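Quick look at input15.txt (compact mmCIF, C-alpha atoms and all ligand atoms):
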```
# COMPACT_ATOMS: atom_id res chain seq x y z
CA MET A 1 -141.26 -172.49 106.91
CA LYS A 2 -138.69 -169.85 105.93
CA ILE A 3 -135.08 -170.46 106.94
CA LEU A 4 -133.42 -167.21 107.98
CA SER A 5 -129.78 -168.32 107.59
CA GLY A 6 -128.75 -167.37 104.08
CA LEU A 7 -131.31 -164.60 103.59
CA THR A 8 -130.18 -161.11 102.67
CA LEU A 9 -131.46 -158.03 104.51
CA GLU A 10 -133.93 -157.42 101.66
CA GLU A 11 -135.28 -160.95 101.94
CA ILE A 12 -135.63 -160.67 105.72
CA THR A 13 -137.43 -157.37 105.18
CA GLU A 14 -140.01 -159.19 103.07
CA ILE A 15 -140.73 -161.40 106.09
CA THR A 16 -140.98 -158.48 108.53
CA ASP A 17 -143.23 -156.65 106.03
CA GLU A 18 -145.46 -159.70 105.95
CA LEU A 19 -145.69 -159.48 109.75
CA LYS A 20 -146.27 -155.71 109.48
CA ALA A 21 -143.14 -154.95 111.48
CA SER A 22 -140.68 -152.11 110.86
CA LYS A 23 -137.55 -152.27 108.70
CA PHE A 24 -135.52 -151.86 111.86
CA ARG A 25 -136.75 -155.30 113.05
CA ALA A 26 -135.36 -156.81 109.84
CA LYS A 27 -131.99 -155.22 110.59
CA GLN A 28 -131.99 -156.63 114.12
CA ILE A 29 -132.77 -160.11 112.85
CA HIS A 30 -130.08 -159.84 110.17
CA ASN A 31 -127.52 -158.76 112.74
CA ARG A 32 -128.45 -161.59 115.09
CA ILE A 33 -128.12 -164.18 112.31
CA TYR A 34 -124.77 -163.17 110.82
CA LEU A 35 -122.86 -161.27 113.46
CA LYS A 36 -124.22 -162.67 116.71
CA SER A 37 -124.93 -166.13 115.27
CA VAL A 38 -127.95 -167.07 117.34
CA SER A 39 -129.29 -170.63 117.14
CA SER A 40 -132.95 -169.85 117.67
CA ILE A 41 -135.48 -167.05 117.34
CA ASP A 42 -135.92 -167.14 121.12
CA GLU A 43 -132.34 -165.90 121.48
CA MET A 44 -133.22 -162.70 119.60
CA SER A 45 -133.82 -161.08 122.95
CA GLU A 46 -134.27 -157.52 121.72
CA LEU A 47 -137.42 -158.55 119.85
CA SER A 48 -140.58 -158.53 121.91
CA LYS A 49 -141.87 -161.89 123.06
CA SER A 50 -145.07 -161.54 121.04
CA PHE A 51 -143.15 -160.66 117.87
CA ARG A 52 -140.86 -163.65 118.37
CA GLU A 53 -143.90 -165.91 118.67
CA GLU A 54 -145.31 -164.50 115.39
CA LEU A 55 -141.96 -164.94 113.67
CA LYS A 56 -141.59 -168.52 114.92
CA LYS A 57 -144.84 -169.45 113.19
CA ILE A 58 -143.35 -168.74 109.77
CA ALA A 59 -139.57 -168.89 110.16
CA ALA A 60 -136.67 -170.73 111.80
CA VAL A 61 -132.96 -169.90 112.10
CA THR A 62 -131.60 -173.05 110.47
CA GLU A 63 -132.22 -176.71 109.69
CA THR A 64 -128.55 -177.69 109.64
CA LYS A 65 -127.38 -179.86 112.53
CA ILE A 66 -124.02 -180.84 113.98
CA LYS A 67 -123.72 -184.59 113.67
CA ILE A 68 -120.15 -184.99 114.95
CA LYS A 69 -117.69 -182.52 116.47
CA GLN A 70 -114.04 -183.31 117.08
CA THR A 71 -111.47 -181.02 118.67
CA SER A 72 -107.79 -181.49 117.94
CA SER A 73 -105.00 -180.94 120.45
CA ASP A 74 -103.92 -177.89 118.40
CA GLY A 75 -107.36 -176.26 118.71
CA THR A 76 -108.63 -177.18 115.25
CA ILE A 77 -112.27 -178.19 115.33
CA LYS A 78 -113.85 -180.44 112.74
CA TYR A 79 -117.59 -180.63 112.32
CA LEU A 80 -119.67 -183.04 110.37
CA VAL A 81 -122.78 -181.04 109.55
CA LYS A 82 -125.98 -182.69 108.49
CA TYR A 83 -128.48 -181.13 106.08
CA PRO A 84 -132.22 -181.84 106.12
CA ASP A 85 -131.92 -184.42 103.31
CA GLY A 86 -129.55 -186.45 105.49
CA GLU A 87 -126.37 -185.67 103.51
CA CYS A 88 -123.33 -184.58 105.53
CA VAL A 89 -120.21 -182.53 104.84
CA GLU A 90 -117.19 -181.64 106.87
CA THR A 91 -116.24 -178.13 107.80
CA VAL A 92 -113.20 -177.16 109.83
CA LEU A 93 -112.25 -174.23 112.03
CA MET A 94 -108.54 -173.48 112.23
CA ARG A 95 -106.90 -171.05 114.61
CA PHE A 96 -103.37 -169.90 114.13
CA ASP A 97 -101.67 -169.18 117.44
CA ASN A 98 -99.71 -166.17 116.28
CA ARG A 99 -102.66 -164.38 114.70
CA SER A 100 -106.19 -163.55 115.66
CA ASN A 101 -107.48 -165.07 112.42
CA LEU A 102 -110.13 -167.73 112.55
CA THR A 103 -110.27 -169.60 109.29
CA ALA A 104 -113.18 -171.75 108.20
CA CYS A 105 -112.41 -174.43 105.65
CA VAL A 106 -115.70 -175.02 103.84
CA SER A 107 -117.01 -177.69 101.49
CA SER A 108 -118.70 -176.80 98.21
CA GLN A 109 -120.07 -180.18 97.10
CA ILE A 110 -121.04 -183.54 98.54
CA GLY A 111 -118.35 -185.79 97.09
CA CYS A 112 -116.35 -184.73 94.04
CA ALA A 113 -116.26 -185.88 90.42
CA VAL A 114 -112.62 -184.94 89.79
CA ASN A 115 -111.34 -188.07 91.54
CA CYS A 116 -107.72 -187.17 92.28
CA SER A 117 -105.79 -190.28 93.28
CA PHE A 118 -104.60 -188.89 96.64
CA CYS A 119 -107.92 -187.44 97.81
CA ALA A 120 -110.36 -188.99 100.27
CA THR A 121 -113.31 -186.91 98.97
CA GLY A 122 -112.79 -188.03 95.39
CA LYS A 123 -113.15 -191.67 96.44
CA ARG A 124 -116.85 -191.14 97.08
CA GLY A 125 -117.61 -189.84 93.62
CA PHE A 126 -119.93 -186.90 93.07
CA ILE A 127 -123.21 -186.85 95.01
CA ARG A 128 -124.57 -183.31 94.60
CA ASN A 129 -123.80 -179.61 94.68
CA LEU A 130 -124.36 -177.63 97.86
CA THR A 131 -126.64 -174.62 97.64
CA TYR A 132 -125.19 -171.25 98.68
CA THR A 133 -127.29 -171.42 101.84
CA GLU A 134 -125.79 -174.78 102.72
CA ILE A 135 -122.30 -173.37 102.15
CA ILE A 136 -122.78 -170.35 104.39
CA ASP A 137 -124.58 -172.44 107.01
CA GLN A 138 -121.27 -174.28 107.56
CA VAL A 139 -119.73 -171.01 108.73
CA LEU A 140 -122.79 -170.11 110.76
CA THR A 141 -122.65 -173.55 112.40
CA ILE A 142 -119.08 -172.82 113.51
CA GLN A 143 -120.03 -169.36 114.76
CA ARG A 144 -123.10 -170.60 116.61
CA ASP A 145 -121.20 -173.42 118.25
CA THR A 146 -118.10 -171.48 119.31
CA GLY A 147 -119.59 -168.03 119.80
CA LEU A 148 -116.63 -166.73 117.75
CA LYS A 149 -116.64 -164.74 114.53
CA VAL A 150 -114.92 -166.34 111.55
CA THR A 151 -112.48 -163.94 109.83
CA ASN A 152 -111.23 -165.96 106.84
CA ILE A 153 -112.75 -168.54 104.53
CA VAL A 154 -111.02 -171.13 102.38
CA PHE A 155 -112.92 -173.28 99.88
CA MET A 156 -110.64 -176.25 100.55
CA GLY A 157 -113.05 -178.74 102.04
CA GLN A 158 -114.89 -181.36 100.06
CA GLY A 159 -115.76 -180.79 96.43
CA GLU A 160 -114.55 -178.76 93.46
CA PRO A 161 -115.80 -175.19 93.95
CA LEU A 162 -115.46 -174.24 90.28
CA LEU A 163 -117.87 -177.01 89.33
CA ASN A 164 -120.46 -175.31 91.56
CA LEU A 165 -119.49 -171.77 90.69
CA ASP A 166 -122.85 -169.99 90.86
CA ASN A 167 -123.47 -171.13 94.43
CA VAL A 168 -119.88 -170.40 95.43
CA LEU A 169 -120.03 -166.84 94.04
CA LYS A 170 -123.39 -166.20 95.70
CA ALA A 171 -121.95 -167.52 99.00
CA ILE A 172 -118.94 -165.20 98.61
CA ASP A 173 -121.34 -162.29 98.07
CA ILE A 174 -123.06 -163.13 101.35
CA PHE A 175 -119.73 -163.57 103.15
CA ASN A 176 -118.80 -160.09 101.92
CA ASN A 177 -122.03 -158.24 102.54
CA ASP A 178 -123.68 -160.05 105.41
CA PHE A 179 -120.78 -161.55 107.39
CA GLN A 180 -118.56 -158.55 106.56
CA ILE A 181 -115.67 -160.79 105.56
CA GLY A 182 -113.62 -158.98 102.90
CA ALA A 183 -113.15 -160.62 99.50
CA ARG A 184 -109.42 -160.79 100.08
CA ARG A 185 -109.91 -162.91 103.16
CA ILE A 186 -111.54 -165.59 101.01
CA THR A 187 -109.68 -168.23 98.98
CA ILE A 188 -111.10 -170.58 96.36
CA SER A 189 -109.04 -173.67 95.63
CA THR A 190 -109.47 -175.49 92.33
CA SER A 191 -108.06 -178.46 90.50
CA GLY A 192 -107.93 -176.22 87.42
CA ILE A 193 -111.27 -176.06 85.58
CA ILE A 194 -110.12 -173.79 82.76
CA PRO A 195 -113.43 -172.39 81.41
CA GLN A 196 -114.44 -171.41 84.96
CA ILE A 197 -111.04 -169.81 85.62
CA ASN A 198 -111.67 -167.74 82.49
CA LYS A 199 -115.08 -166.79 83.85
CA LEU A 200 -113.46 -165.61 87.09
CA SER A 201 -110.96 -163.56 85.09
CA ASP A 202 -113.82 -161.74 83.36
CA TYR A 203 -115.68 -161.41 86.66
CA GLY A 204 -112.64 -159.69 88.18
CA LEU A 205 -112.62 -161.87 91.29
CA GLN A 206 -110.91 -160.13 94.21
CA SER A 207 -110.72 -163.25 96.36
CA THR A 208 -107.60 -165.39 96.14
CA LEU A 209 -107.53 -168.16 93.57
CA ALA A 210 -105.50 -171.20 94.61
CA ILE A 211 -104.55 -173.74 91.96
CA SER A 212 -103.88 -177.36 92.89
CA LEU A 213 -100.96 -178.01 90.57
CA HIS A 214 -99.14 -180.93 92.25
CA ALA A 215 -96.84 -181.60 89.28
CA PRO A 216 -95.14 -179.35 86.69
CA VAL A 217 -95.27 -181.87 83.84
CA SER A 218 -98.29 -183.51 82.26
CA GLU A 219 -97.09 -187.14 82.50
CA LYS A 220 -96.81 -186.83 86.27
CA ARG A 221 -99.83 -184.68 86.88
CA ILE A 222 -102.13 -187.05 85.03
CA LYS A 223 -101.20 -189.83 87.48
CA LEU A 224 -102.49 -187.71 90.37
CA MET A 225 -105.26 -185.77 88.67
CA PRO A 226 -107.26 -187.35 85.82
CA ILE A 227 -108.54 -183.82 85.03
CA GLU A 228 -105.14 -183.17 83.43
CA GLU A 229 -106.44 -185.01 80.39
CA LYS A 230 -109.27 -182.54 79.84
CA TYR A 231 -107.52 -179.41 81.14
CA PRO A 232 -103.79 -179.92 80.59
CA LEU A 233 -100.98 -177.77 81.99
CA SER A 234 -100.28 -176.43 78.49
CA LYS A 235 -103.74 -174.78 78.49
CA LEU A 236 -103.85 -174.05 82.23
CA LYS A 237 -100.81 -171.82 82.07
CA PRO A 238 -102.22 -169.28 79.56
CA ALA A 239 -105.46 -169.23 81.58
CA LEU A 240 -103.50 -168.37 84.74
CA LEU A 241 -101.49 -165.67 82.96
CA ASN A 242 -104.74 -164.20 81.68
CA TYR A 243 -106.24 -164.35 85.19
CA VAL A 244 -103.35 -162.39 86.70
CA LYS A 245 -103.51 -159.87 83.87
CA LYS A 246 -107.25 -159.29 84.20
CA THR A 247 -107.60 -159.29 87.99
CA GLY A 248 -104.18 -158.00 89.02
CA ARG A 249 -104.23 -160.58 91.79
CA ARG A 250 -101.46 -162.95 92.77
CA ILE A 251 -102.35 -166.65 92.51
CA THR A 252 -101.56 -169.28 95.14
CA ILE A 253 -100.07 -172.49 93.80
CA GLU A 254 -100.76 -175.56 95.92
CA TYR A 255 -98.34 -178.41 95.56
CA ILE A 256 -98.64 -181.69 97.44
CA LEU A 257 -95.22 -183.16 98.15
CA ILE A 258 -95.13 -186.93 97.67
CA LYS A 259 -92.02 -188.95 98.43
CA ASP A 260 -90.21 -190.41 95.43
CA PHE A 261 -92.77 -188.93 93.07
CA ASN A 262 -92.76 -185.15 92.74
CA SER A 263 -90.40 -183.88 95.44
CA ASP A 264 -86.93 -184.35 93.91
CA ILE A 265 -84.59 -181.58 92.84
CA GLU A 266 -85.23 -182.01 89.11
CA THR A 267 -88.98 -181.62 89.64
CA ALA A 268 -88.40 -178.52 91.78
CA LYS A 269 -86.44 -177.01 88.92
CA SER A 270 -89.09 -177.77 86.34
CA LEU A 271 -91.77 -176.41 88.69
CA ALA A 272 -89.79 -173.18 89.05
CA LEU A 273 -89.56 -172.99 85.26
CA PHE A 274 -93.29 -173.61 84.79
CA LEU A 275 -94.12 -170.85 87.29
CA LYS A 276 -91.46 -168.41 86.15
CA ASP A 277 -93.79 -165.88 84.48
CA ILE A 278 -96.78 -166.42 86.75
CA LYS A 279 -97.31 -163.95 89.60
CA CYS A 280 -97.79 -166.42 92.44
CA ASN A 281 -96.97 -167.63 95.93
CA ILE A 282 -96.36 -171.31 96.46
CA ASN A 283 -97.87 -173.40 99.23
CA LEU A 284 -96.22 -176.79 99.70
CA ILE A 285 -98.45 -179.42 101.31
CA PRO A 286 -96.67 -182.49 102.67
CA TYR A 287 -98.86 -185.42 101.62
CA ASN A 288 -101.23 -186.43 104.37
CA ASP A 289 -101.81 -190.13 104.46
CA VAL A 290 -105.57 -190.38 104.80
CA THR A 291 -106.38 -192.90 102.12
CA GLU A 292 -104.72 -196.17 101.26
CA THR A 293 -102.81 -194.89 98.27
CA GLY A 294 -99.31 -196.05 99.08
CA TYR A 295 -98.06 -192.44 98.80
CA LYS A 296 -95.81 -191.12 101.56
CA LYS A 297 -94.71 -187.65 102.56
CA PRO A 298 -91.03 -186.77 102.02
CA SER A 299 -88.62 -186.25 104.93
CA ASN A 300 -88.31 -182.76 106.43
CA ASN A 301 -84.91 -182.49 104.86
CA GLU A 302 -86.32 -183.19 101.39
CA ILE A 303 -89.15 -180.72 101.99
CA MET A 304 -86.73 -177.97 103.01
CA LYS A 305 -84.50 -178.62 100.01
CA PHE A 306 -87.46 -178.41 97.66
CA LYS A 307 -88.59 -175.19 99.34
CA TYR A 308 -85.13 -173.68 99.14
CA LEU A 309 -84.84 -174.37 95.40
CA LEU A 310 -88.16 -172.71 94.70
CA GLU A 311 -87.31 -169.70 96.86
CA HIS A 312 -84.15 -169.40 94.89
CA SER A 313 -86.33 -168.79 91.82
CA GLY A 314 -87.70 -165.69 93.55
CA LYS A 315 -91.06 -166.97 94.77
CA LYS A 316 -92.53 -166.76 98.22
CA VAL A 317 -92.90 -170.33 99.46
CA THR A 318 -94.69 -171.61 102.55
CA VAL A 319 -95.04 -175.13 103.86
CA ARG A 320 -98.56 -175.79 105.03
CA LEU A 321 -98.68 -176.46 108.72
CA GLU A 322 -100.44 -179.64 109.55
CA ARG A 323 -103.58 -178.73 111.44
CA GLY A 324 -105.79 -181.19 113.21
CA SER A 325 -103.87 -184.16 111.88
CA ASP A 326 -104.92 -186.20 114.92
CA ILE A 327 -108.55 -185.85 113.81
CA ASP A 328 -108.01 -186.09 110.00
CA ALA A 329 -109.14 -182.51 109.71
CA ALA A 330 -106.48 -180.97 107.51
CA CYS A 331 -108.00 -179.04 104.65
CA GLY A 332 -108.77 -180.99 101.53
CA GLN A 333 -108.37 -184.24 103.38
CA LEU A 334 -111.90 -184.66 104.45
CA SER A 335 -113.81 -187.74 103.57
CA GLY A 336 -117.23 -187.11 105.06
CA LYS A 337 -116.92 -190.67 106.26
CA GLU A 338 -120.41 -190.71 107.69
CA LYS A 339 -122.69 -191.33 104.77
CA LYS A 340 -126.37 -190.61 104.48
CA LYS A 341 -128.22 -192.83 106.89
N1 LIG A 401 -111.23 -179.42 94.96
C1 LIG A 401 -110.39 -178.34 95.28
C2 LIG A 401 -110.50 -177.88 96.72
C3 LIG A 401 -110.49 -178.93 97.80
S1 LIG A 401 -108.98 -179.75 98.11
C4 LIG A 401 -108.97 -178.61 94.91
O1 LIG A 401 -108.64 -179.76 94.63
O2 LIG A 401 -108.17 -177.67 94.86
C5 LIG A 401 -107.92 -178.54 98.89
C6 LIG A 401 -106.43 -178.91 98.79
O3 LIG A 401 -106.08 -180.06 99.58
C7 LIG A 401 -106.04 -179.24 97.36
O4 LIG A 401 -104.83 -178.62 97.00
C8 LIG A 401 -105.90 -180.74 97.41
O5 LIG A 401 -105.12 -181.20 96.37
C9 LIG A 401 -105.32 -180.95 98.79
N2 LIG A 401 -105.39 -182.35 99.25
C10 LIG A 401 -106.38 -183.25 99.06
N3 LIG A 401 -106.06 -184.43 99.61
C11 LIG A 401 -104.85 -184.30 100.18
C12 LIG A 401 -103.97 -185.17 100.92
N4 LIG A 401 -104.30 -186.42 101.18
N5 LIG A 401 -102.78 -184.66 101.34
C13 LIG A 401 -102.45 -183.38 101.11
N6 LIG A 401 -103.23 -182.52 100.44
C14 LIG A 401 -104.41 -182.96 99.97
FE1 LIG A 402 -111.97 -183.12 94.14
FE2 LIG A 402 -110.11 -181.44 95.10
FE3 LIG A 402 -110.31 -183.97 96.01
FE4 LIG A 402 -109.39 -183.53 93.56
S1 LIG A 402 -108.44 -182.85 95.50
S2 LIG A 402 -110.91 -185.10 94.14
S3 LIG A 402 -110.64 -181.78 92.94
S4 LIG A 402 -111.83 -182.37 96.23
```

Here is the file; what I need is its structure written in the form of structure tokens.
Amino acid sequence: MKILSGLTLEEITEITDELKASKFRAKQIHNRIYLKSVSSIDEMSELSKSFREELKKIAAVTETKIKIKQTSSDGTIKYLVKYPDGECVETVLMRFDNRSNLTACVSSQIGCAVNCSFCATGKRGFIRNLTYTEIIDQVLTIQRDTGLKVTNIVFMGQGEPLLNLDNVLKAIDIFNNDFQIGARRITISTSGIIPQINKLSDYGLQSTLAISLHAPVSEKRIKLMPIEEKYPLSKLKPALLNYVKKTGRRITIEYILIKDFNSDIETAKSLALFLKDIKCNINLIPYNDVTETGYKKPSNNEIMKFKYLLEHSGKKVTVRLERGSDIDAACGQLSGKEKKK
């Protein structure tokens, strides 16, 4: 059985050729999959009944299922999607009231090997990579379920996208060409896998690269992110400078604010110093207490002070709005609690 979700127009044409149908049929199917997000071949109403029956013998729209769906009071929707092998990942749809953007926060792996101390995903360890089809099927699941068209994608769900780079780049290609979502509306967030950042520099990535920094000095960062040992700040910085030089793109720096750990004035100053030469925007993320780590988020006053100091250094700084906090759906805070059954 061929699964249509994830196939390019050329690949769908191979199927219609096999059924001795015209290239136009392939285009109709392609459009129905990516732009109209149908759930079944029967919904492809412009195809004749007899052709649909032929197609159904050899193909299906998808094998991905929604296991759990939760809607937050702010409109955020979290899905636990289930793949044919029984593994599940979370994917989240966020709407921002003041804009017409619909952002999908997608997962790139089942579990994650990086094991950051504050992260619910890391606690599970690494299970496996997602294929590019499984990645894009998260977005199709959202579109099929809501009937809406996703406009922006962030790789901020479960997993480390740069440790599954081939599938992530192939998925981005499909988001660009088949979903018609521009490269600049896509963000990849990474804990800082330096060789892969260098690869993206050479590749000339036009999507936004977001770096999870979380501390400006090695001794602190290593307590949050064991990856600091392998890829330390001293080597990350030249890689980021090289990335900006090669791609011309501004980086996003993600920084979790943790009370009494990395949110004091001294740390803000050393963060500003670390970022001084790097063309970047800064996104402050108040720590979201989803695991039993003992970490707390700072007070609003402390957050604003930290923000002000960074802005003073000339950077654009935003504080990430908490979305779907009543359903644990904030980006990067997904645990995929339901395990394979
Ligand atoms: N593995 C990638 C992408 C997924 S995490 C990465 O680490 O960048 C996306 C973002 O959410 C990261 O910046 C991550 O550090 C952050 N995050 C994870 N757990 C969090 C928590 N409990 N509170 C706040 N932010 C968290
Ligand atoms: Fe992996 Fe990102 Fe979680 Fe760290 S924060 S464990 S890199 S998913």

Rounded to one decimal in Å, what is the spacing between CA of Asn164 in chain A and CA of Glu10 in chain A?
24.6 Å

Residues within 8 Å of (-121.5, -165.9, 108.1), counting all atoms listed in the file, listed as a ChimeraX atom specification:
/A:34-35,37,136-137,139-140,143,150,174-175,178-179

Could I get the residues of chain A with an atom no further than 8 Å from an atom of ligand LIG 402 (chain A), each paired with its nearest atom pair and that distance in Å to one decimal, using all atoms listed in the file, sorted by chain and residue number, as CSV?
```
residue,atom,partner,partner_atom,distance
A:Gly111,CA,A:LIG402,S4,7.4
A:Cys112,CA,A:LIG402,FE1,4.7
A:Ala113,CA,A:LIG402,FE1,6.3
A:Val114,CA,A:LIG402,S2,4.7
A:Asn115,CA,A:LIG402,S2,4.0
A:Cys116,CA,A:LIG402,FE4,4.2
A:Ser117,CA,A:LIG402,S2,7.3
A:Phe118,CA,A:LIG402,S1,7.2
A:Cys119,CA,A:LIG402,FE3,4.6
A:Ala120,CA,A:LIG402,FE3,6.6
A:Thr121,CA,A:LIG402,FE3,5.1
A:Gly122,CA,A:LIG402,S2,3.7
A:Lys123,CA,A:LIG402,S2,7.3
A:Met156,CA,A:LIG402,FE2,7.5
A:Gly157,CA,A:LIG402,S4,7.0
A:Gln158,CA,A:LIG402,S4,5.0
A:Gly159,CA,A:LIG402,S4,4.2
A:Glu160,CA,A:LIG402,S3,5.0
A:Ser189,CA,A:LIG402,FE2,7.9
A:Thr190,CA,A:LIG402,S3,6.4
A:Ser191,CA,A:LIG402,S3,4.9
A:Ser212,CA,A:LIG402,S1,7.6
A:Met225,CA,A:LIG402,FE4,6.8
A:Gly332,CA,A:LIG402,S4,6.3
A:Gln333,CA,A:LIG402,FE3,7.6
```

Residue neighbourhood Gly182 in chain A, 9 Å, only C-alpha atoms, exclusion window fewer than 3 positions, as a list in words
Thr151, Asn152, Phe175, Asn176, Asn177, Phe179, Arg185, Ile186 and Ser207 of chain A

Just the selected residues (C-alpha atoms), exported as an mmCIF file, keeping the file's coordinate frame, please.
```cif
data_model
loop_
_atom_site.group_PDB
_atom_site.id
_atom_site.type_symbol
_atom_site.label_atom_id
_atom_site.label_comp_id
_atom_site.auth_asym_id
_atom_site.auth_seq_id
_atom_site.Cartn_x
_atom_site.Cartn_y
_atom_site.Cartn_z
ATOM 1 C CA THR A 151 -112.480 -163.940 109.830
ATOM 2 C CA ASN A 152 -111.230 -165.960 106.840
ATOM 3 C CA PHE A 175 -119.730 -163.570 103.150
ATOM 4 C CA ASN A 176 -118.800 -160.090 101.920
ATOM 5 C CA ASN A 177 -122.030 -158.240 102.540
ATOM 6 C CA PHE A 179 -120.780 -161.550 107.390
ATOM 7 C CA ARG A 185 -109.910 -162.910 103.160
ATOM 8 C CA ILE A 186 -111.540 -165.590 101.010
ATOM 9 C CA SER A 207 -110.720 -163.250 96.360
#
```

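Shortest separation to Tyr132 in chain A among A:Ile41, A:Ile256, A:Ile172, A:Ile77 occurs at residue A:Ile172, atoms counted being all atoms listed in the file.
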
In Å, how far is it from CA of Ile58 in chain A to CA of Gly147 in chain A?
25.8 Å

Residue nearest ligand LIG 401 (chain A) - candidates A:Ile285, A:Ile127, A:Leu163, A:Leu80, atoms counted: only C-alpha atoms and all ligand atoms
A:Ile285

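You will find CA of Cys105 in chain A at 22.4 Å from CA of Thr8 in chain A.
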
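Shortest separation to ligand LIG 401 (chain A) among A:Ser73, A:Gln138, A:Ser263, A:Thr293 occurs at residue A:Thr293, atoms counted being only C-alpha atoms and all ligand atoms.
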
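Summary of the local environment: counting all atoms listed in the file, residues at most 12 Å from Ser313 in chain A, other than itself and those fewer than 5 positions away along its chain, are Ala268, Lys269, Ser270, Leu271, Ala272, Leu273, Phe274, Leu275, Lys276, Asp277, Ile278, Cys280, Asn281, Ile282, Phe306, Lys307 and Tyr308 of chain A.
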
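Nearest to Leu200 in chain A of all the residues A:Asn301, A:Gln180, A:Thr247, A:Ser100 is A:Thr247, based on all atoms listed in the file.
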
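Checking A:Ser45, A:Ser50, A:Asn288, A:Ser201 one by one against ligand LIG 401 (chain A), counting only C-alpha atoms and all ligand atoms, you find the shortest gap at A:Asn288.
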